Amino acid sequence: MKKLLILALALAISATAFAKELTISAAANLQFALEEVAKAYKADTGTDVKATYGASGKLVAQIINGAKFDIFLAADMSFAQKAYEAGLTTDKPVMYAEGLLVLWSKKYNIKSIADLKDPKYVKIAIANPATAPYGRAAVEAMKASGVYDAVAPRIVQGESISTMDTYIQTGVAEAAFAAKSHLASGKVQDAGSWFDVDKKLYAPIEQGGVILKAGDVAEAQKFMNYLTKGKGAAIMKKYGYEK
């Protein structure tokens with residue numbers, strides 16, 4: 001009996017020692033979707049997936065400055081391209097999803113970008129266009145709609161697209177340009193009203209991913225296949241991403 005217990009303990013220790021963990025540097029818009037993808041991936045493969053979220057511009061700067069991850073999932077192709085050009089990736093970026101922009105208000109029944117001209121929208125939140133592609137898309141959409149100059153003094157910026165959730169929920173802003181994935185997740189409580197911004201008003205948000213040389217390249221490739229072609233792709237679609 002004692003020998004069996006020792007053997008069982010040894011096997012458990014061995015299994016723990018060889019358990020795999022994949023680390024991902026991920027754009028903030030991915031948080032809810034990637035959490036579900038990670039859970040499914042672990043169930044299917046036994047590999048844990050740990051993600052660090054933030055604005056793509058800041059994440060790629062961290063990677064270039066030595067931060068270690070297996071995969072970088074940016075909010076557009078350009079930030080993933082920067083990692084590639086720095087010689088840190090196994091190959092060029094691949095587009096793993098197309099993100100969609102929405103305009104959201106918890107306080108008012110917002111129906112169009114033109115509504116933002118109404119002074120009741122005292123603050124309009126966008127992610128920082130310099131580091132967050134969704135913020136850049138928000139500026140493009142407002143300019144294309146002819147409202148940007150009128151509302152520019154009322155725009156407030158957040159570090160990343162996930163900040164928009166906080167700004168709306170806490171009343172910092174009456175409206176925000178957000179990632180559809182967050183609203184489509186159903187995890188934003190008392191969301192209020194929101195609508196899809198016409199895709200013709202902003203350049204496509206083609207989200208790019210790269211496998212980093214410093215990580216577990218083989219396992220990272222398995223995950224990227226899962227994300228773009230396997231069960232992960234179906235989960236991403238559920239959260240409002242297109243491919």
# chains A, B, ... in the order shown; residues from 1 in each chain; ligands from 1
>>> closest_atom_pairs(of="segment 41-133 of chain A", to="segment 226-233 of chain A", cutoff="9 Å", atoms="only C-alpha atoms", output="tab-separated table")
residue	atom	partner	partner_atom	distance
A:Tyr41	CA	A:Gly232	CA	7.8
A:Met95	CA	A:Thr228	CA	8.6
A:Tyr96	CA	A:Thr228	CA	5.6
A:Ala97	CA	A:Thr228	CA	7.7
>>> write_last_selection(atoms="all heavy atoms", output="mmCIF file, in the first residue's frame")
data_model
loop_
_atom_site.group_PDB
_atom_site.id
_atom_site.type_symbol
_atom_site.label_atom_id
_atom_site.label_comp_id
_atom_site.auth_asym_id
_atom_site.auth_seq_id
_atom_site.Cartn_x
_atom_site.Cartn_y
_atom_site.Cartn_z
ATOM 1 N N TYR A 41 -8.759 25.167 -25.031
ATOM 2 C CA TYR A 41 -7.471 24.604 -25.444
ATOM 3 C C TYR A 41 -6.891 23.711 -24.353
ATOM 4 O O TYR A 41 -6.361 22.631 -24.639
ATOM 5 C CB TYR A 41 -6.500 25.732 -25.785
ATOM 6 C CG TYR A 41 -5.223 25.263 -26.437
ATOM 7 C CD1 TYR A 41 -5.211 24.841 -27.766
ATOM 8 C CD2 TYR A 41 -4.020 25.254 -25.737
ATOM 9 C CE1 TYR A 41 -4.038 24.414 -28.374
ATOM 10 C CE2 TYR A 41 -2.841 24.833 -26.340
ATOM 11 C CZ TYR A 41 -2.860 24.404 -27.657
ATOM 12 O OH TYR A 41 -1.704 23.978 -28.269
ATOM 13 N N MET A 95 -2.923 37.055 -40.118
ATOM 14 C CA MET A 95 -4.152 37.645 -39.618
ATOM 15 C C MET A 95 -4.998 36.542 -38.990
ATOM 16 O O MET A 95 -5.389 35.592 -39.657
ATOM 17 C CB MET A 95 -4.943 38.318 -40.737
ATOM 18 C CG MET A 95 -6.107 39.153 -40.213
ATOM 19 S SD MET A 95 -7.136 39.857 -41.526
ATOM 20 C CE MET A 95 -8.375 38.577 -41.685
ATOM 21 N N TYR A 96 -5.257 36.646 -37.705
ATOM 22 C CA TYR A 96 -6.023 35.611 -37.019
ATOM 23 C C TYR A 96 -7.478 36.015 -36.811
ATOM 24 O O TYR A 96 -8.325 35.179 -36.502
ATOM 25 C CB TYR A 96 -5.384 35.271 -35.667
ATOM 26 C CG TYR A 96 -5.340 36.417 -34.687
ATOM 27 C CD1 TYR A 96 -6.405 36.663 -33.830
ATOM 28 C CD2 TYR A 96 -4.235 37.265 -34.633
ATOM 29 C CE1 TYR A 96 -6.367 37.726 -32.935
ATOM 30 C CE2 TYR A 96 -4.191 38.316 -33.742
ATOM 31 C CZ TYR A 96 -5.257 38.548 -32.894
ATOM 32 O OH TYR A 96 -5.227 39.610 -32.014
ATOM 33 N N ALA A 97 -7.798 37.289 -37.005
ATOM 34 C CA ALA A 97 -9.180 37.746 -36.840
ATOM 35 C C ALA A 97 -9.299 39.171 -37.355
ATOM 36 O O ALA A 97 -8.301 39.893 -37.459
ATOM 37 C CB ALA A 97 -9.611 37.701 -35.378
#
>>> residues_around(residues="Gly209 of chain A", least_positions_apart="6", cutoff="9 Å", atoms="only C-alpha atoms", output="list in words")
Ile71, Phe72, Leu73, Ala74, Ala75, Asp76, Met77, Ala80, Gln81, Lys92, Pro93, Val94, Met95, Tyr96 and Met224 of chain A
>>> atom_distance(atom1="atom CA of Lys106 of chain A", atom2="atom CA of Gly171 of chain A")
8.5 Å
>>> closest_residue(among="A:Ala61, A:Ala67, A:Ile110, A:Val139", to="Ala214 of chain A", atoms="only C-alpha atoms")
A:Ala67
>>> select_by_dssp(residues="segment 62-201 of chain A", states="strand (DSSP E or B)", output="ChimeraX atom specification")
/A:71-73,89,94-99,101-105,124-127,155-158,175-179,193-196
>>> residues_around(residues="segment 98-104 of chain A", least_positions_apart="6", cutoff="10 Å", atoms="only C-alpha atoms", output="VMD selection string")
chain A and resid 29 to 30 75 to 76 110 to 113 116 124 to 126 133 to 135 137 to 138 141 164 to 165 168 174 to 183 191 to 199 202 204 to 208 236 to 237 239 to 243
>>> write_last_selection(atoms="C-alpha atoms", output="compact mmCIF listing (two decimals), in the first residue's frame")
# COMPACT_ATOMS: atom_id res chain seq x y z
CA ASN A 29 -9.84 43.56 -27.03
CA LEU A 30 -9.16 39.83 -26.85
CA ALA A 75 -4.84 44.36 -32.45
CA ASP A 76 -3.57 45.02 -35.97
CA ILE A 110 -27.32 56.01 -29.06
CA LYS A 111 -28.14 55.20 -32.69
CA SER A 112 -25.56 56.93 -34.88
CA ILE A 113 -22.18 58.66 -34.80
CA LEU A 116 -22.31 62.57 -30.66
CA ILE A 124 -16.62 60.63 -25.64
CA ALA A 125 -14.06 57.93 -24.90
CA ILE A 126 -11.64 56.33 -27.32
CA PRO A 133 -5.77 50.30 -33.33
CA TYR A 134 -9.38 50.50 -32.13
CA GLY A 135 -8.71 54.08 -31.06
CA ALA A 137 -10.37 53.32 -36.09
CA ALA A 138 -12.61 55.48 -33.87
CA ALA A 141 -14.92 56.78 -38.24
CA MET A 164 -13.65 51.93 -22.41
CA ASP A 165 -15.61 49.46 -20.27
CA ILE A 168 -18.72 53.85 -19.47
CA GLU A 174 -21.39 59.19 -21.85
CA ALA A 175 -20.27 57.36 -25.01
CA ALA A 176 -17.33 55.22 -26.05
CA PHE A 177 -15.98 53.53 -29.13
CA ALA A 178 -15.39 49.95 -28.02
CA ALA A 179 -14.51 46.50 -29.33
CA LYS A 180 -17.54 44.48 -30.39
CA SER A 181 -16.00 41.44 -28.72
CA HIS A 182 -16.53 42.98 -25.28
CA LEU A 183 -20.19 43.83 -25.85
CA ALA A 191 -24.50 47.52 -21.16
CA GLY A 192 -27.10 50.05 -22.28
CA SER A 193 -27.25 50.63 -26.04
CA TRP A 194 -24.65 50.04 -28.73
CA PHE A 195 -24.41 49.48 -32.46
CA ASP A 196 -21.89 48.31 -35.05
CA VAL A 197 -20.02 51.21 -36.64
CA ASP A 198 -20.27 50.98 -40.42
CA LYS A 199 -17.13 49.15 -41.61
CA TYR A 202 -12.65 52.89 -40.93
CA PRO A 204 -10.26 47.06 -41.48
CA ILE A 205 -8.93 46.10 -38.06
CA GLU A 206 -6.92 43.10 -39.26
CA GLN A 207 -5.49 41.60 -36.11
CA GLY A 208 -2.06 40.04 -36.58
CA MET A 236 -13.73 33.94 -31.83
CA LYS A 237 -16.67 34.20 -34.22
CA TYR A 239 -17.43 36.97 -29.76
CA GLY A 240 -18.01 39.11 -32.84
CA TYR A 241 -14.76 38.62 -34.71
CA GLU A 242 -14.63 37.99 -38.42
CA LYS A 243 -11.99 36.05 -40.34
>>> closest_residue(among="A:Ala218, A:Lys120, A:Val172, A:Met142", to="Tyr108 of chain A", atoms="only C-alpha atoms")
A:Lys120
>>> atom_distance(atom1="atom CA of Gly186 of chain A", atom2="atom CA of Ala132 of chain A")
22.7 Å
>>> atom_distance(atom1="atom CA of Lys20 of chain A", atom2="atom CA of Asn65 of chain A")
25.0 Å
>>> select_by_dssp(residues="segment 50-231 of chain A", states="alpha helix (DSSP H)", output="PyMOL selection string")
chain A and resi 56-64+77-85+133-144+148-151+163-169+180-184+217-228+231
>>> closest_atom_pairs(of="segment 103-216 of chain A", to="segment 21-28 of chain A", cutoff="8 Å", atoms="only C-alpha atoms", output="Markdown table")
| residue | atom | partner | partner_atom | distance |
| --- | --- | --- | --- | --- |
| A:Ser160 | CA | A:Ala28 | CA | 6.4 |
| A:Ile161 | CA | A:Ala28 | CA | 6.1 |
| A:Ser162 | CA | A:Ala28 | CA | 5.7 |
| A:Asp216 | CA | A:Leu22 | CA | 7.5 |
>>> closest_residue(among="A:Thr89, A:Val156, A:Phe32, A:Val60", to="Gln221 of chain A", atoms="only C-alpha atoms")
A:Thr89
